[in-house]
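So this one's target26.tsv, TSV, C-alpha atoms:
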```tsv
chain	number	residue	atom	x	y	z
U	1	ASN	CA	14.02	95.49	178.33
U	2	ALA	CA	12.87	99.10	178.53
U	3	GLY	CA	9.29	97.98	179.27
U	4	VAL	CA	6.68	100.62	178.45
U	5	THR	CA	8.01	104.01	177.43
U	6	GLN	CA	6.09	107.25	176.95
U	7	THR	CA	7.02	110.55	175.37
U	8	PRO	CA	6.92	113.39	176.11
U	9	LYS	CA	7.07	113.46	179.91
U	10	PHE	CA	5.42	116.87	180.07
U	11	GLN	CA	3.58	119.01	177.53
U	12	VAL	CA	1.80	122.36	177.54
U	13	LEU	CA	-0.78	123.00	174.83
U	14	LYS	CA	-3.07	125.85	173.95
U	15	THR	CA	-6.77	125.17	173.48
U	16	GLY	CA	-7.40	123.90	169.97
U	17	GLN	CA	-3.89	122.60	169.34
U	18	SER	CA	-3.32	118.99	168.39
U	19	MET	CA	-0.68	116.58	169.54
U	20	THR	CA	0.23	112.92	169.73
U	21	LEU	CA	1.29	111.15	172.90
U	22	GLN	CA	3.67	108.34	172.08
U	23	CYS	CA	3.71	104.92	173.73
U	24	ALA	CA	5.96	101.98	172.92
U	25	GLN	CA	6.62	98.61	174.52
U	26	ASP	CA	9.31	96.03	173.85
U	27	MET	CA	7.69	93.05	175.57
U	28	ASN	CA	5.79	91.82	172.48
U	29	HIS	CA	2.49	92.36	174.26
U	30	GLU	CA	-0.63	92.25	172.10
U	31	TYR	CA	-2.75	94.28	174.51
U	32	MET	CA	-2.15	97.99	175.02
U	33	SER	CA	-4.25	100.69	176.62
U	34	TRP	CA	-4.43	104.38	177.50
U	35	TYR	CA	-5.70	105.79	180.78
U	36	ARG	CA	-6.05	109.26	182.15
U	37	GLN	CA	-5.64	110.03	185.84
U	38	ASP	CA	-7.31	113.00	187.45
U	39	PRO	CA	-7.25	113.93	191.15
U	40	GLY	CA	-9.85	111.95	193.08
U	41	MET	CA	-10.94	110.03	189.96
U	42	GLY	CA	-8.53	107.13	189.86
U	43	LEU	CA	-7.61	105.89	186.38
U	44	ARG	CA	-10.14	105.93	183.57
U	45	LEU	CA	-9.73	103.90	180.40
U	46	ILE	CA	-9.66	105.96	177.19
U	47	HIS	CA	-8.94	103.43	174.42
U	48	TYR	CA	-7.44	99.98	174.19
U	49	SER	CA	-6.11	97.60	171.57
U	50	VAL	CA	-5.94	93.80	171.56
U	51	GLY	CA	-3.53	93.65	168.62
U	52	ALA	CA	-2.24	95.47	165.58
U	53	GLY	CA	-5.12	96.92	163.59
U	54	ILE	CA	-7.67	96.41	166.40
U	55	THR	CA	-8.77	99.21	168.72
U	56	ASP	CA	-11.81	99.85	170.88
U	57	GLN	CA	-13.22	102.54	173.11
U	58	GLY	CA	-12.95	102.63	176.86
U	59	GLU	CA	-14.85	104.68	179.41
U	60	VAL	CA	-13.85	108.19	178.26
U	61	PRO	CA	-12.95	108.09	174.51
U	62	ASN	CA	-14.35	111.44	173.38
U	63	GLY	CA	-11.71	113.85	172.10
U	64	TYR	CA	-9.11	111.14	171.58
U	65	ASN	CA	-8.12	108.99	168.61
U	66	VAL	CA	-5.89	105.93	168.49
U	67	SER	CA	-4.48	103.58	165.89
U	68	ARG	CA	-2.30	100.49	166.14
U	69	SER	CA	-0.20	99.78	163.08
U	70	THR	CA	2.47	97.75	164.89
U	71	THR	CA	2.58	95.56	167.98
U	72	GLU	CA	5.10	97.88	169.62
U	73	ASP	CA	3.43	101.29	169.27
U	74	PHE	CA	0.10	102.72	170.38
U	75	PRO	CA	-0.07	106.52	169.95
U	76	LEU	CA	-2.86	108.63	171.42
U	77	ARG	CA	-3.96	111.67	169.41
U	78	LEU	CA	-5.67	114.77	170.69
U	79	LEU	CA	-7.16	116.47	167.63
U	80	SER	CA	-8.25	119.72	169.29
U	81	ALA	CA	-7.09	120.04	172.87
U	82	ALA	CA	-9.46	121.36	175.53
U	83	PRO	CA	-8.72	122.42	179.14
U	84	SER	CA	-10.77	119.41	180.30
U	85	GLN	CA	-8.05	117.20	178.84
U	86	THR	CA	-5.51	118.50	181.34
U	87	SER	CA	-4.49	115.30	183.07
U	88	VAL	CA	-1.78	112.69	183.50
U	89	TYR	CA	-1.88	110.06	180.79
U	90	PHE	CA	-0.65	106.51	181.28
U	91	CYS	CA	-0.06	103.85	178.68
U	92	ALA	CA	-0.08	100.19	179.70
U	93	SER	CA	0.45	96.82	178.08
U	94	SER	CA	-0.39	93.25	179.00
U	95	TYR	CA	0.72	89.79	177.90
U	96	SER	CA	-2.93	88.76	178.01
U	97	THR	CA	-4.80	89.63	174.82
U	98	SER	CA	-7.94	90.07	176.90
U	99	GLY	CA	-6.29	92.74	179.03
U	100	ARG	CA	-7.60	90.98	182.11
U	101	GLU	CA	-4.22	90.02	183.52
U	102	THR	CA	-1.33	92.07	184.90
U	103	GLN	CA	-0.80	95.37	183.16
U	104	TYR	CA	2.59	97.08	182.90
U	105	PHE	CA	2.47	100.85	183.04
U	106	GLY	CA	4.63	103.54	181.52
U	107	PRO	CA	5.88	106.53	183.56
U	108	GLY	CA	3.13	108.85	182.33
U	109	THR	CA	2.79	112.09	180.36
U	110	ARG	CA	1.63	115.22	182.20
U	111	LEU	CA	-0.48	117.38	179.89
U	112	LEU	CA	-1.56	120.94	180.63
U	113	VAL	CA	-4.04	122.59	178.26
U	114	LEU	CA	-4.34	126.34	178.63
O	115	SER	CA	-18.84	105.04	186.40
O	116	GLN	CA	-16.20	103.66	188.73
O	117	GLN	CA	-16.41	99.95	189.42
O	118	GLY	CA	-14.28	99.98	192.54
O	119	GLU	CA	-14.55	102.13	195.60
O	120	GLU	CA	-11.73	102.15	198.10
O	121	ASP	CA	-11.75	102.79	201.78
O	122	PRO	CA	-10.21	104.65	203.45
O	123	GLN	CA	-9.22	107.41	201.03
O	124	ALA	CA	-6.18	108.16	203.19
O	125	LEU	CA	-4.37	106.22	205.90
O	126	SER	CA	-1.51	107.34	208.12
O	127	ILE	CA	0.37	104.83	210.30
O	128	GLN	CA	3.70	104.36	212.05
O	129	GLU	CA	6.46	102.16	210.72
O	130	GLY	CA	6.01	98.59	211.89
O	131	GLU	CA	2.22	98.79	212.04
O	132	ASN	CA	-0.09	96.94	209.68
O	133	ALA	CA	-2.06	98.75	206.99
O	134	THR	CA	-5.42	97.53	205.72
O	135	MET	CA	-7.15	98.91	202.64
O	136	ASN	CA	-10.55	97.85	201.35
O	137	CYS	CA	-12.09	97.75	197.91
O	138	SER	CA	-15.73	97.23	196.96
O	139	TYR	CA	-17.03	96.64	193.45
O	140	LYS	CA	-20.38	96.35	191.72
O	141	THR	CA	-20.41	93.58	189.11
O	142	SER	CA	-19.19	90.02	188.75
O	143	ILE	CA	-15.49	89.82	188.02
O	144	ASN	CA	-12.83	87.56	186.50
O	145	ASN	CA	-10.18	88.80	188.87
O	146	LEU	CA	-9.20	91.69	191.11
O	147	GLN	CA	-5.77	93.29	191.11
O	148	TRP	CA	-3.91	95.65	193.39
O	149	TYR	CA	-1.44	98.26	192.14
O	150	ARG	CA	0.88	100.71	193.88
O	151	GLN	CA	1.74	104.18	192.64
O	152	ASN	CA	4.58	106.18	194.08
O	153	SER	CA	4.22	109.95	193.77
O	154	GLY	CA	4.75	111.09	190.19
O	155	ARG	CA	5.30	107.58	188.87
O	156	GLY	CA	3.41	104.95	186.92
O	157	LEU	CA	1.48	102.11	188.54
O	158	VAL	CA	3.20	98.89	189.56
O	159	HIS	CA	1.33	95.61	189.79
O	160	LEU	CA	1.34	94.02	193.25
O	161	ILE	CA	-0.94	91.01	193.23
O	162	LEU	CA	-3.82	89.40	191.32
O	163	ILE	CA	-6.54	87.28	192.90
O	164	ARG	CA	-8.98	85.32	190.77
O	165	SER	CA	-12.70	85.08	191.39
O	166	ASN	CA	-12.40	81.47	192.59
O	167	GLU	CA	-9.70	82.34	195.15
O	168	ARG	CA	-10.35	83.65	198.66
O	169	GLU	CA	-6.90	84.61	199.88
O	170	LYS	CA	-3.47	85.17	198.41
O	171	HIS	CA	-0.09	86.10	199.86
O	172	SER	CA	2.98	87.74	198.41
O	173	GLY	CA	5.75	88.64	200.83
O	174	ARG	CA	4.28	91.15	203.31
O	175	LEU	CA	1.08	91.46	201.29
O	176	ARG	CA	-2.12	89.54	202.00
O	177	VAL	CA	-5.16	89.93	199.78
O	178	THR	CA	-8.61	88.55	200.48
O	179	LEU	CA	-11.59	88.39	198.16
O	180	ASP	CA	-15.23	87.93	199.15
O	181	THR	CA	-17.26	87.62	195.95
O	182	SER	CA	-20.54	87.33	197.89
O	183	LYS	CA	-19.93	90.78	199.37
O	184	LYS	CA	-18.14	92.05	196.26
O	185	SER	CA	-15.23	93.25	198.32
O	186	SER	CA	-11.49	92.78	198.73
O	187	SER	CA	-8.91	93.86	201.24
O	188	LEU	CA	-5.17	94.43	201.01
O	189	LEU	CA	-3.12	93.99	204.17
O	190	ILE	CA	0.46	95.20	204.33
O	191	THR	CA	2.19	93.80	207.41
O	192	ALA	CA	5.08	95.46	209.25
O	193	SER	CA	4.86	98.62	207.16
O	194	ARG	CA	7.98	100.52	206.15
O	195	ALA	CA	8.43	104.16	205.17
O	196	ALA	CA	9.09	102.90	201.63
O	197	ASP	CA	5.50	101.59	201.51
O	198	THR	CA	4.27	105.20	201.38
O	199	ALA	CA	2.31	105.38	198.13
O	200	SER	CA	-1.18	105.28	196.67
O	201	TYR	CA	-2.77	101.86	196.33
O	202	PHE	CA	-5.41	101.06	193.74
O	203	CYS	CA	-7.67	98.09	193.23
O	204	ALA	CA	-8.66	97.18	189.68
O	205	THR	CA	-11.33	94.75	188.59
O	206	SER	CA	-11.74	92.78	185.40
O	207	PRO	CA	-15.54	92.71	184.87
O	208	TYR	CA	-16.85	89.30	183.91
O	209	ASN	CA	-18.50	90.22	180.61
O	210	GLN	CA	-16.33	93.15	179.56
O	211	GLY	CA	-13.23	91.86	177.89
O	212	GLY	CA	-10.37	94.26	177.36
O	213	LYS	CA	-10.98	96.38	180.39
O	214	LEU	CA	-9.58	96.89	183.83
O	215	ILE	CA	-11.58	99.32	185.95
O	216	PHE	CA	-9.73	101.13	188.70
O	217	GLY	CA	-10.87	102.45	192.03
O	218	GLN	CA	-10.00	105.91	193.28
O	219	GLY	CA	-7.18	104.69	195.48
O	220	THR	CA	-6.03	104.81	199.08
O	221	GLU	CA	-3.19	107.15	199.95
O	222	LEU	CA	-0.96	105.44	202.52
O	223	SER	CA	1.56	107.38	204.57
O	224	VAL	CA	3.99	105.41	206.75
O	225	LYS	CA	5.85	107.59	209.21
O	226	PRO	CA	9.32	106.54	210.38
```

Once more with this new file: its structure as structure tokens, please.
Amino acid sequence: NAGVTQTPKFQVLKTGQSMTLQCAQDMNHEYMSWYRQDPGMGLRLIHYSVGAGITDQGEVPNGYNVSRSTTEDFPLRLLSAAPSQTSVYFCASSYSTSGRETQYFGPGTRLLVL
Amino acid sequence: SQQGEEDPQALSIQEGENATMNCSYKTSINNLQWYRQNSGRGLVHLILIRSNEREKHSGRLRVTLDTSKKSSSLLITASRAADTASYFCATSPYNQGGKLIFGQGTELSVKP
């Protein structure tokens, strides 16, 4: 099993550009989530999904969109990138549909917005 | 706002010594988890302790949970240089399904 995979590993954007961060898992987990990690801030939840077709907002959802059309994939879209979105983004999945149990993390995507 | 606060923010010890990290949180929880993050990598789950448990062991790791004080501690015994990493606690708030809330982490450095 590849576990949780994320692409790209690193991306540079200009302010106002859009992009999609990809996340896929091959563990048949219903629960998937996106976090951003900033220095001194720990991880903050952006959006999460408890199954295909079901998404909900986390702590810092503004500026980000998600959709979940399949169990395997959970892309994160930045519609108009801002410098404040410079961060490291982690995708995670869990065998628990509540998301309360162990979460398995991807390797992260480093995003720089100029 | 952050649910968990970790103490200390940074810890430097010699190989063979024990390392203790603390986590405090604000609301009632279902469980509390500890994760490790090596530099530039994703987080790896270490251990989960449920709200009705007081202590749990896994290899060289010992976790305690005091729900009356809303606090937890992670003890790593006989530390090795390979334990150098950041350690995060994460709580599952009791009435907030679908969320794990992470603390800011403790940066552990184990010197050979």

For chain O against chain U, which residues fall within 10 Å using all atoms listed in the file, given as a ChimeraX atom specification?
-> /O:115-116,118-119,123,143-149,154-162,164,202-208,210-220

- Task: Using only C-alpha atoms, pick whichever of O:Glu167, O:Ser185, O:Arg150, O:Glu129 has the shortest atom-to-atom distance to O:Ser200.
- Result: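 Ranked by minimum distance to O:Ser200, first place goes to O:Arg150.
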
Exercise for the section: Give me, please, the distance in Å between atom CA of U:Ala2 and atom CA of U:Asn28, quoted to one decimal. Expected result: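 Pair atom CA of U:Ala2 / atom CA of U:Asn28 returns 11.8 Å.
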
- Between O:Thr141, O:Ser223, O:Ser153, O:Ser172, which has the minimum distance to O:Ser193 (counting all atoms listed in the file)?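 For O:Ser193, the nearest of the given residues is O:Ser223.
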
Around the point (4.3, 101.3, 169.3) in the file's coordinates, collect all residues with an atom within 9 Å, using all atoms listed in the file, and return them as a CSV table (one decimal) with C-alpha atoms, in the frame of the given file.
```
chain,number,residue,atom,x,y,z
U,22,GLN,CA,3.7,108.3,172.1
U,23,CYS,CA,3.7,104.9,173.7
U,24,ALA,CA,6.0,102.0,172.9
U,25,GLN,CA,6.6,98.6,174.5
U,26,ASP,CA,9.3,96.0,173.8
U,68,ARG,CA,-2.3,100.5,166.1
U,69,SER,CA,-0.2,99.8,163.1
U,70,THR,CA,2.5,97.8,164.9
U,71,THR,CA,2.6,95.6,168.0
U,72,GLU,CA,5.1,97.9,169.6
U,73,ASP,CA,3.4,101.3,169.3
U,74,PHE,CA,0.1,102.7,170.4
U,75,PRO,CA,-0.1,106.5,170.0
```

| field | Computed interatomic separation between atom CA of O:Asp121 and atom CA of O:Ala196 (Å) | value |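 Calculated distance between atom CA of O:Asp121 and atom CA of O:Ala196 is 20.8 Å.
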
Atom pair atom CA of U:Met27 + atom CA of O:Asn209, distance 26.8 Å

Residue completion, stretch 8-19 of chain U, all heavy atoms, as a compact mmCIF listing (two decimals), keeping the file's coordinate frame:
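Result went into part.txt, see below:
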```txt
# COMPACT_ATOMS: atom_id res chain seq x y z
N PRO U 8 5.95 112.76 175.21
CA PRO U 8 6.92 113.39 176.11
C PRO U 8 6.55 113.14 177.57
O PRO U 8 5.50 112.57 177.84
CB PRO U 8 6.76 114.87 175.76
CG PRO U 8 5.31 115.01 175.41
CD PRO U 8 4.95 113.73 174.69
N LYS U 9 7.37 113.57 178.49
CA LYS U 9 7.07 113.46 179.91
C LYS U 9 6.12 114.57 180.34
O LYS U 9 5.30 114.39 181.25
CB LYS U 9 8.35 113.54 180.73
CG LYS U 9 9.24 112.34 180.58
CD LYS U 9 10.45 112.44 181.49
CE LYS U 9 11.33 111.20 181.33
NZ LYS U 9 12.53 111.27 182.20
N PHE U 10 6.24 115.71 179.70
CA PHE U 10 5.42 116.87 180.07
C PHE U 10 5.16 117.70 178.82
O PHE U 10 6.05 117.84 177.98
CB PHE U 10 6.13 117.71 181.14
CG PHE U 10 5.32 118.89 181.61
CD1 PHE U 10 4.20 118.71 182.40
CD2 PHE U 10 5.67 120.17 181.25
CE1 PHE U 10 3.44 119.79 182.82
CE2 PHE U 10 4.92 121.27 181.67
CZ PHE U 10 3.80 121.08 182.46
N GLN U 11 3.94 118.22 178.69
CA GLN U 11 3.58 119.01 177.53
C GLN U 11 2.57 120.08 177.92
O GLN U 11 1.63 119.79 178.68
CB GLN U 11 2.99 118.12 176.43
CG GLN U 11 2.63 118.83 175.14
CD GLN U 11 3.86 119.22 174.35
OE1 GLN U 11 4.78 118.45 174.15
NE2 GLN U 11 3.85 120.46 173.87
N VAL U 12 2.77 121.27 177.39
CA VAL U 12 1.80 122.36 177.54
C VAL U 12 1.22 122.67 176.17
O VAL U 12 1.97 122.86 175.21
CB VAL U 12 2.44 123.63 178.15
CG1 VAL U 12 1.40 124.73 178.28
CG2 VAL U 12 3.06 123.33 179.51
N LEU U 13 -0.09 122.70 176.09
CA LEU U 13 -0.78 123.00 174.83
C LEU U 13 -1.73 124.17 175.03
O LEU U 13 -2.20 124.42 176.15
CB LEU U 13 -1.62 121.80 174.37
CG LEU U 13 -0.93 120.56 173.84
CD1 LEU U 13 -1.98 119.51 173.47
CD2 LEU U 13 -0.04 120.87 172.66
N LYS U 14 -2.02 124.84 173.94
CA LYS U 14 -3.07 125.85 173.95
C LYS U 14 -4.36 125.20 173.46
O LYS U 14 -4.32 124.24 172.65
CB LYS U 14 -2.70 127.02 173.07
CG LYS U 14 -1.51 127.82 173.59
CD LYS U 14 -1.20 128.99 172.68
CE LYS U 14 -0.01 129.77 173.22
NZ LYS U 14 0.35 130.90 172.32
N THR U 15 -5.48 125.68 173.92
CA THR U 15 -6.77 125.17 173.48
C THR U 15 -6.83 125.17 171.96
O THR U 15 -6.49 126.16 171.31
CB THR U 15 -7.90 126.02 174.06
OG1 THR U 15 -7.88 125.91 175.49
CG2 THR U 15 -9.25 125.55 173.55
N GLY U 16 -7.26 124.02 171.41
CA GLY U 16 -7.40 123.90 169.97
C GLY U 16 -6.20 123.27 169.26
O GLY U 16 -6.32 122.83 168.12
N GLN U 17 -5.07 123.22 169.94
CA GLN U 17 -3.89 122.60 169.34
C GLN U 17 -4.06 121.09 169.32
O GLN U 17 -4.82 120.51 170.10
CB GLN U 17 -2.62 122.98 170.10
CG GLN U 17 -2.16 124.40 169.86
CD GLN U 17 -0.83 124.69 170.53
OE1 GLN U 17 -0.59 124.28 171.68
NE2 GLN U 17 0.05 125.40 169.83
N SER U 18 -3.31 120.45 168.45
CA SER U 18 -3.32 118.99 168.39
C SER U 18 -1.96 118.46 168.78
O SER U 18 -0.96 119.17 168.69
CB SER U 18 -3.67 118.51 166.98
OG SER U 18 -2.68 118.94 166.06
N MET U 19 -1.95 117.23 169.23
CA MET U 19 -0.68 116.58 169.54
C MET U 19 -0.87 115.08 169.65
O MET U 19 -2.00 114.59 169.76
CB MET U 19 -0.06 117.11 170.83
CG MET U 19 -0.62 116.53 172.10
SD MET U 19 0.48 116.74 173.51
CE MET U 19 1.88 115.72 173.04
```
